[in-house]
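File shown here: my_file.txt, holding compact mmCIF, C-alpha atoms.
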# COMPACT_ATOMS: atom_id res chain seq x y z
CA MET S 160 64.42 107.36 71.86
CA THR S 161 65.24 105.47 68.68
CA ARG S 162 68.48 106.43 67.00
CA THR S 163 69.83 105.20 63.64
CA LEU S 164 73.53 104.46 63.90
CA LEU S 165 75.40 106.40 61.21
CA THR S 166 78.92 105.09 60.71
CA THR S 167 79.50 105.70 57.02
CA THR S 168 82.16 107.96 55.56
CA ALA S 169 79.39 110.28 54.31
CA ALA S 170 78.00 110.63 57.83
CA VAL S 171 81.41 111.48 59.23
CA ALA S 172 81.96 114.03 56.49
CA THR S 173 78.57 115.58 57.22
CA LEU S 174 79.48 115.90 60.88
CA ILE S 175 82.85 117.53 60.26
CA ALA S 176 81.51 119.88 57.57
CA SER S 177 78.45 120.92 59.57
CA ILE S 178 80.46 122.12 62.55
CA GLY S 179 83.03 123.94 60.48
CA ALA S 180 85.99 121.61 60.85
CA GLN S 181 87.89 119.95 58.03
CA GLN S 182 88.52 116.25 57.80
CA PRO S 183 92.28 115.70 57.38
CA SER S 184 93.44 113.56 54.49
CA GLY S 185 96.18 111.08 55.26
CA ARG S 186 98.03 113.11 57.90
CA GLN S 187 97.25 115.94 60.29
CA THR S 188 99.45 118.52 61.95
CA ARG S 189 99.94 118.48 65.68
CA PRO S 190 100.28 121.79 67.53
CA GLY S 191 103.86 122.89 67.02
CA GLY S 192 103.94 121.72 63.41
CA ASP S 193 104.89 118.05 63.80
CA ALA S 194 103.22 115.76 61.32
CA ALA S 195 101.27 112.89 62.83
CA PRO S 196 99.15 110.05 61.42
CA ALA S 197 95.54 111.10 60.86
CA HIS S 198 93.03 109.87 63.43
CA PRO S 199 89.56 109.97 61.81
CA ALA S 200 87.87 108.40 64.87
CA LEU S 201 89.67 110.81 67.18
CA ASP S 202 88.64 113.79 65.03
CA GLN S 203 85.06 112.57 65.15
CA GLN S 204 85.05 112.04 68.92
CA VAL S 205 86.55 115.43 69.73
CA GLN S 206 84.19 117.34 67.44
CA LEU S 207 81.17 115.50 68.89
CA ASP S 208 82.37 116.22 72.43
CA ARG S 209 82.77 119.91 71.56
CA ALA S 210 79.25 120.00 70.11
CA GLY S 211 77.70 118.61 73.33
CA PHE S 212 77.14 115.06 72.04
CA SER S 213 79.54 113.13 74.22
CA PRO S 214 81.17 109.95 72.90
CA GLY S 215 82.14 109.11 76.49
CA GLU S 216 85.85 108.57 76.99
CA ILE S 217 87.82 109.84 74.00
CA ASP S 218 90.07 106.97 72.97
CA GLY S 219 90.50 107.39 69.21
CA LYS S 220 88.55 104.20 68.49
CA ALA S 221 85.25 103.99 66.64
CA GLY S 222 82.52 102.27 68.65
CA ARG S 223 78.90 102.23 69.77
CA ASN S 224 79.14 105.30 72.01
CA THR S 225 80.57 107.39 69.18
CA ALA S 226 77.99 106.08 66.72
CA GLN S 227 75.16 106.97 69.12
CA ALA S 228 76.57 110.47 69.60
CA LEU S 229 76.89 110.96 65.84
CA ALA S 230 73.32 109.77 65.24
CA ALA S 231 71.98 112.18 67.86
CA PHE S 232 74.07 115.04 66.48
CA THR S 233 72.81 114.40 62.95
CA LYS S 234 69.18 114.27 64.08
CA ALA S 235 69.53 117.46 66.14
CA GLY S 236 70.88 119.37 63.14
CA ASN S 237 74.03 120.91 64.67
CA PRO S 238 72.53 122.88 67.59
CA SER S 239 75.77 124.23 69.07
CA GLY S 240 78.34 124.63 66.30
CA GLN S 241 81.40 124.80 68.57
CA ALA S 242 83.98 123.92 65.94
CA GLY S 243 87.69 123.77 66.60
CA GLU S 244 90.93 121.96 65.89
CA THR S 245 91.04 118.36 67.04
CA LEU S 246 94.26 118.72 69.03
CA THR S 247 95.84 121.42 71.14
CA THR S 248 98.74 121.68 73.60
CA TYR S 249 98.80 121.75 77.38
CA GLN S 250 101.70 122.51 79.70
CA ILE S 251 101.67 120.26 82.73
CA THR S 252 101.72 122.33 85.93
CA ALA S 253 103.33 121.80 89.32
CA GLU S 254 99.82 121.45 90.74
CA ASP S 255 99.04 118.64 88.29
CA VAL S 256 101.96 116.56 89.54
CA ALA S 257 101.52 117.50 93.22
CA GLY S 258 98.44 115.34 93.63
CA PRO S 259 97.51 114.12 96.13
CA PHE S 260 97.45 110.70 94.53
CA SER S 261 96.37 107.33 95.86
CA GLU S 262 99.04 104.69 95.34
CA SER S 263 96.39 102.18 94.32
CA ILE S 264 92.64 101.66 94.64
CA PRO S 265 91.65 98.25 96.03
CA ALA S 266 88.71 96.56 94.34
CA ASP S 267 87.18 95.53 97.66
CA LEU S 268 84.82 98.21 99.01
CA MET S 269 85.62 97.44 102.65
CA GLU S 270 89.29 98.05 101.89
CA GLN S 271 88.38 101.28 100.07
CA SER S 272 86.58 102.48 103.20
CA LYS S 273 89.89 102.37 105.11
CA LEU S 274 91.55 104.94 102.82
CA PRO S 275 91.49 108.68 103.58
CA ALA S 276 90.41 109.49 100.00
CA LEU S 277 90.02 107.84 96.61
CA ASN S 278 92.21 110.16 94.54
CA TYR S 279 93.62 109.71 91.08
CA THR S 280 96.41 107.15 91.01
CA SER S 281 98.68 109.06 88.61
CA VAL S 282 99.26 112.32 86.77
CA LEU S 283 98.30 110.54 83.56
CA GLU S 284 94.91 109.51 84.94
CA ALA S 285 94.22 113.01 86.28
CA ILE S 286 95.12 114.74 83.01
CA GLY S 287 93.11 112.16 81.10
CA GLU S 288 89.98 113.20 82.99
CA GLN S 289 90.71 116.88 82.39
CA PHE S 290 90.69 116.23 78.65
CA HIS S 291 87.97 113.55 78.57
CA SER S 292 90.57 111.06 77.36
CA SER S 293 91.87 107.62 78.07
CA PRO S 294 95.41 107.53 79.50
CA ALA S 295 96.32 105.21 76.64
CA LEU S 296 95.34 107.86 74.08
CA LEU S 297 97.49 110.50 75.80
CA GLN S 298 100.43 108.14 75.69
CA GLN S 299 99.83 107.48 71.98
CA LEU S 300 99.69 111.21 71.26
CA ASN S 301 102.83 111.81 73.34
CA PRO S 302 105.02 108.70 72.93
CA SER S 303 108.12 110.33 74.41
CA ALA S 304 106.41 112.28 77.20
CA ARG S 305 107.31 111.74 80.85
CA PHE S 306 104.25 113.65 82.10
CA VAL S 307 106.21 115.90 84.43
CA ALA S 308 105.76 119.54 85.43
CA GLY S 309 106.70 122.02 82.71
CA GLU S 310 106.32 119.51 79.89
CA THR S 311 104.08 120.50 76.97
CA ILE S 312 101.92 117.69 75.67
CA THR S 313 99.36 117.21 72.90
CA VAL S 314 95.78 116.73 74.09
CA PRO S 315 92.27 116.65 72.61
CA ASN S 316 90.91 120.17 72.15
CA ILE S 317 87.79 119.75 74.26
CA VAL S 318 85.57 122.56 75.53
CA LYS S 319 85.56 122.86 79.30
CA ARG S 320 81.98 122.71 80.54
CA ALA S 321 81.92 121.89 84.25
CA TRP S 322 84.61 120.89 86.70
CA ILE S 323 85.36 120.79 90.41
CA GLU S 324 88.61 120.30 92.25
CA PRO S 325 89.65 116.62 92.28
CA ALA S 326 90.77 117.07 95.89
CA ALA S 327 88.78 119.89 97.46
CA ASP S 328 90.27 119.18 100.87
CA SER S 329 93.83 119.79 99.66
CA ALA S 330 95.84 122.83 98.60
CA ALA S 331 96.00 121.63 95.01
CA ALA S 332 94.76 124.14 92.47
CA LYS S 333 91.83 123.47 90.20
CA PRO S 334 93.09 121.74 87.05
CA ALA S 335 93.02 123.70 83.84
CA ALA S 336 91.50 122.52 80.59
CA ALA S 337 91.82 123.44 76.97
CA ALA S 338 90.74 126.97 76.15
CA PRO S 339 87.22 127.12 74.69
CA ALA S 340 86.81 128.11 71.08
CA PRO S 341 86.33 131.83 70.37
CA GLY S 342 82.73 132.75 71.03
CA ALA S 343 82.02 129.49 72.87
CA LYS S 344 79.13 129.76 75.27
CA PRO S 345 79.78 129.43 79.04
CA PRO S 346 78.21 126.50 80.92
CA ALA S 347 74.44 126.82 81.00
CA ALA S 348 72.95 127.98 84.29
CA PRO S 349 70.70 125.56 86.17
CA GLN S 350 67.21 125.84 84.78
CA PRO S 351 63.90 124.38 85.98
CA THR S 352 62.60 123.67 82.46
CA VAL S 353 65.11 121.06 81.28
CA THR S 354 64.13 117.40 81.20
CA VAL S 355 66.55 114.51 81.59
CA VAL S 356 65.70 111.38 79.59
CA VAL S 357 67.56 108.10 80.08
CA SER S 358 67.03 105.47 77.39
CA LYS S 359 67.66 101.93 78.56
CA SER S 360 67.78 100.48 75.04
CA ALA S 361 70.11 103.14 73.62
CA SER S 362 72.22 103.51 76.81
CA THR S 363 72.05 107.30 76.54
CA LEU S 364 71.15 110.24 78.74
CA THR S 365 69.67 113.23 76.93
CA VAL S 366 68.98 116.70 78.33
CA LEU S 367 66.12 118.50 76.57
CA ASP S 368 65.16 122.17 76.81
CA GLU S 369 61.59 123.41 77.23
CA LYS S 370 61.02 123.10 73.47
CA GLY S 371 62.18 119.49 73.40
CA SER S 372 65.48 120.30 71.68
CA VAL S 373 68.58 118.35 72.65
CA ILE S 374 71.12 120.47 74.53
CA PHE S 375 73.34 117.61 75.70
CA GLN S 376 73.65 113.86 75.26
CA ALA S 377 76.03 111.30 76.73
CA PRO S 378 76.41 107.52 76.90
CA VAL S 379 75.46 105.81 80.15
CA THR S 380 75.52 102.49 81.90
CA SER S 381 72.10 101.84 83.41
CA GLY S 382 70.88 98.77 85.23
CA SER S 383 71.28 95.05 84.67
CA GLU S 384 69.23 91.86 84.69
CA HIS S 385 69.47 91.73 88.48
CA ASP S 386 69.00 95.48 89.02
CA PRO S 387 66.91 96.84 86.12
CA LEU S 388 66.55 100.54 85.50
CA PRO S 389 63.36 101.67 87.34
CA LEU S 390 61.32 102.91 84.38
CA GLY S 391 59.06 105.87 85.02
CA LYS S 392 58.95 109.56 85.85
CA TRP S 393 61.14 110.83 88.69
CA ALA S 394 62.58 114.16 89.79
CA VAL S 395 65.90 115.51 91.04
CA THR S 396 65.98 116.02 94.81
CA ALA S 397 69.60 117.12 95.36
CA VAL S 398 73.05 117.35 93.79
CA SER S 399 76.11 116.34 95.83
CA ARG S 400 79.62 117.03 94.52
CA ARG S 401 82.57 114.98 95.81
CA PRO S 402 80.16 112.66 97.63
CA SER S 403 81.04 109.92 100.04
CA PHE S 404 79.46 106.58 99.13
CA HIS S 405 77.39 104.95 101.86
CA TYR S 406 77.84 101.29 101.07
CA ASN S 407 75.07 98.95 102.21
CA PRO S 408 75.74 95.36 101.13
CA ASP S 409 72.06 94.51 101.66
CA LEU S 410 71.28 96.54 98.53
CA PHE S 411 73.68 94.60 96.30
CA TRP S 412 72.72 91.14 95.12
CA ASP S 413 76.38 90.24 94.49
CA ALA S 414 77.83 91.70 97.71
CA ASN S 415 80.40 89.74 99.66
CA PRO S 416 78.50 88.10 102.57
CA THR S 417 81.27 89.15 104.96
CA HIS S 418 80.79 92.84 104.17
CA ALA S 419 79.16 95.34 106.52
CA LYS S 420 77.85 98.86 106.02
CA ALA S 421 80.71 101.28 105.34
CA LYS S 422 81.37 104.86 104.31
CA ILE S 423 83.56 105.05 101.21
CA PRO S 424 85.60 108.31 101.13
CA PRO S 425 85.17 110.84 98.33
CA GLY S 426 87.37 111.31 95.28
CA PRO S 427 87.32 110.67 91.53
CA ASN S 428 87.84 106.95 92.15
CA ASN S 429 84.88 106.75 94.53
CA PRO S 430 82.26 104.22 93.28
CA VAL S 431 79.95 107.13 92.32
CA GLY S 432 82.73 109.38 91.05
CA LEU S 433 82.74 113.16 91.48
CA VAL S 434 79.00 113.86 91.65
CA TRP S 435 75.74 112.24 92.76
CA ILE S 436 72.38 113.50 91.44
CA ASP S 437 69.73 112.16 93.79
CA ILE S 438 66.22 111.42 92.50
CA THR S 439 62.84 110.65 94.05
CA ARG S 440 63.29 106.90 93.56
CA GLU S 441 64.96 105.75 96.79
CA HIS S 442 68.51 104.39 96.46
CA TYR S 443 68.77 105.47 92.81
CA GLY S 444 70.61 108.36 91.22
CA ILE S 445 72.69 109.67 88.33
CA HIS S 446 76.42 109.74 89.04
CA GLY S 447 80.01 109.62 87.86
CA THR S 448 82.39 106.67 87.76
CA PRO S 449 85.99 105.67 88.49
CA GLU S 450 86.07 103.70 85.21
CA PRO S 451 85.13 106.01 82.32
CA GLY S 452 86.23 103.51 79.69
CA LYS S 453 83.46 101.11 80.74
CA ILE S 454 80.56 103.53 80.30
CA GLY S 455 78.04 102.15 77.83
CA HIS S 456 79.77 98.77 77.79
CA THR S 457 79.01 97.18 81.17
CA GLU S 458 76.09 96.81 83.58
CA SER S 459 75.35 98.70 86.81
CA HIS S 460 73.39 98.08 89.98
CA GLY S 461 70.41 100.01 88.64
CA CYS S 462 71.69 103.58 88.85
CA VAL S 463 72.65 105.71 85.85
CA ARG S 464 76.43 106.02 85.50
CA LEU S 465 78.32 108.50 83.28
CA THR S 466 81.91 109.63 82.98
CA ASN S 467 82.81 112.11 85.72
CA TRP S 468 82.96 115.01 83.26
CA ASP S 469 79.59 114.21 81.70
CA ALA S 470 77.95 113.70 85.11
CA LEU S 471 79.32 117.06 86.28
CA HIS S 472 77.91 118.77 83.20
CA VAL S 473 74.48 117.22 83.75
CA ALA S 474 74.66 118.38 87.38
CA SER S 475 75.25 121.94 86.12
CA LEU S 476 72.06 121.79 84.04
CA VAL S 477 69.59 120.46 86.62
CA ARG S 478 68.20 121.60 89.92
CA LYS S 479 65.80 120.32 92.55
CA GLY S 480 62.56 119.37 90.83
CA THR S 481 64.02 118.72 87.37
CA THR S 482 62.05 115.94 85.67
CA VAL S 483 63.93 112.68 85.06
CA LEU S 484 62.39 110.09 82.72
CA PHE S 485 63.68 106.51 82.63
CA GLU S 486 62.48 104.89 79.40
CA LYS S 487 62.84 101.56 77.64

Take the structure from the file and write it as C-alpha cells.
Amino acid sequence: MTRTLLTTTAAVATLIASIGAQQPSGRQTRPGGDAAPAHPALDQQVQLDRAGFSPGEIDGKAGRNTAQALAAFTKAGNPSGQAGETLTTYQITAEDVAGPFSESIPADLMEQSKLPALNYTSVLEAIGEQFHSSPALLQQLNPSARFVAGETITVPNIVKRAWIEPAADSAAAKPAAAAPAPGAKPPAAPQPTVTVVVSKSASTLTVLDEKGSVIFQAPVTSGSEHDPLPLGKWAVTAVSRRPSFHYNPDLFWDANPTHAKAKIPPGPNNPVGLVWIDITREHYGIHGTPEPGKIGHTESHGCVRLTNWDALHVASLVRKGTTVLFEK
C-alpha cells in the first residue's frame, strides 16, 4: 500500500475542515476556559484518532506515524466524520488511583516471570493509555496536576472504541474514557468480511471492509532483519485478551543464553500487551505492547505490534477465519 506523506499546512487544513473541526489560530481554549498555547500537531493527532486513522501514541509531536495516518485519511476521503474538540476534561477516580500497580517492570524476561502480574507502574501511565496519550503529554497539559483522586485534568478528546479491564483479576473498576461525540457509532461488531493488511514498507495495519474501503488504520512495528515479517496470506485463529506470554528463548536470536522457557504473567506491561491475535503462521500474531511510544519506530521479532488500544480495536473487528495479508 503506497501512501504519499502529506505534511503541508494545506493538508492539515484539509483534514481539520473535512471532519468539521476548526484549526485554532495562535491559542486554543482548554475546557474550563483557560487559554493555552495552540498545539497544531496535537489537534491533528486527536482528530485523526477520532476518525479511525490512528497516529499511534498521541504526544503532540509531528512525525512519521501522524503523516502516514493523514495520508491514509486523505486518500480515504473522510469515511467516518467523527469530529470533536481536541481537548476535554476527566476527573480522576478512586479506582484509577487504586491500581493495582507494579512498582517497576524489570527488563529481563526471566525476572518478569517471577512477578504476579505486569500492571501499570503509575496512575499517569494508566490514564495515558485510557486517552491514547504519552504520560509526558498529560504532564504538559496539566503542569500543576498531582494526578490524585478527585482531580480534574485536561486530556485528549478521543473516542472510546474498545477496552478491557487493565487488571481483570482485581476489584478495580473498568477505566472510563472521554465521552464519544454525539451520534458517534459504537464499536463495530466482529464481521467475517473484513480483511487485515499489514504493510512492511509503510509500517501500517489497515482493516478493509468487503468493498475494500478503509475502516481503520494504525501504525505498527513489524519484523526486523533477523526476524522478517512472513509475507503472505494468513488467517486469524483466535483472539486472547490479557494473555500470558509463553517465552521460549529458542525462538529469539538475541535471547540470553542462560534463559529458560518461562510463563510471563498478563497485564498491560506484558511483552504482548493486552491482546494477542493468533494467526495460521505458527509463532506469529498481532498484539499490543508495553511501550506504545516505540510503535512504528523500532523493530520486532517478526510479529505485528500495535499500541494496546489499537490492538484491542483490531481484535474487536476480526474473528476466527478473518484474512490477514502481510505485504511488502

- [ ] Have a look at S:Thr352, S:Phe290, S:Phe404, S:Ala200 and name the one nearest to Lys422 (chain S); count all atoms listed in the file.
- [x] S:Phe404

TODO: Using all atoms listed in the file, collect all residues at a distance of at most 8 Å from (76.9, 114.0, 90.1) as written in the file, then present them as a list in words.
DONE: Val398, Ser399, Arg400, Val431, Gly432, Leu433, Val434, Trp435, Ile436, Ile445, His446, Gly447, Asn467, Ala470, Leu471, Val473 and Ala474 of chain S

Please, what is the axis-aligned box for every listed atom of region 391-404 of chain S with 4 Å on each side, as centre and edge lengths in Å to one decimal, as JSON?
{"center_x": 70.8, "center_y": 111.6, "center_z": 92.5, "size_x": 31.6, "size_y": 19.5, "size_z": 23.0}

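Across the structure, CA of Leu277 (chain S) and CA of Ser293 (chain S) are spaced 18.6 Å apart.
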
Open item on the list: Given the point (95.0, 112.2, 92.1) in the coordinates of this file, which residues lie within 7 Å, counting all atoms listed in the file, and how would they look as a ChimeraX atom specification?
Closed with: /S:258-261,278-282,285,325

Task: CA of Val318 (chain S) to CA of Val463 (chain S), straight-line distance in Å - done: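 Spanning CA of Val463 (chain S) to CA of Val318 (chain S) is a straight-line distance of 23.6 Å.
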
Task: Nearest-residue call for Ser360 (chain S), choices S:Trp468, S:Thr482, S:Thr313, S:Leu390, using all atoms listed in the file - done: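 Among the listed residues, the smallest separation from Ser360 (chain S) belongs to S:Leu390.
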
Task: Selected residue of minimal separation from Phe375 (chain S) among S:Ala266, S:Leu465, S:Leu274, S:Leu476, counting only C-alpha atoms - done: S:Leu476

Open item on the list: Excluding Asp267 (chain S) and its own-chain neighbours fewer than 4 positions away, which residues fall within 12 Å of it when counting all atoms listed in the file? Please give them as a ChimeraX atom specification.
Closed with: /S:263,271-274,406,408,414-415,417-419,421,423,429-430

Task: Pick from S:Pro425, S:His198, S:Arg478, S:Pro389 nearest to Glu441 (chain S), counting all atoms listed in the file - done: S:Pro389

Open item on the list: One number please: CA of His405 (chain S) to CA of His291 (chain S), in Å, one decimal.
Closed with: 27.0 Å

Exercise: region 368-373 of chain S partners within 8 Å, only C-alpha atoms, chain neighbours under 5 positions left out, as a compact mmCIF listing (two decimals) with C-alpha atoms, in the frame of the given file:
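Final output, saved to selection-v2.txt:
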# COMPACT_ATOMS: atom_id res chain seq x y z
CA ALA S 235 69.53 117.46 66.14
CA PRO S 238 72.53 122.88 67.59
CA THR S 352 62.60 123.67 82.46
CA VAL S 353 65.11 121.06 81.28
CA THR S 354 64.13 117.40 81.20

Open item on the list: Considering only C-alpha atoms, can you say which of S:Gly426, S:Ala397, S:Glu270, S:Thr448 comes closest to Ser475 (chain S)?
Closed with: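 Selected residue with least distance to Ser475 (chain S): S:Ala397.
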
Open item on the list: For a quick check of understanding, using only C-alpha atoms, which of S:Val355, S:Cys462, S:Leu268, S:Leu364 has the smallest distance to Val483 (chain S)?
Closed with: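 Of S:Val355, S:Cys462, S:Leu268, S:Leu364, the one nearest Val483 (chain S) is S:Val355, counting only C-alpha atoms.
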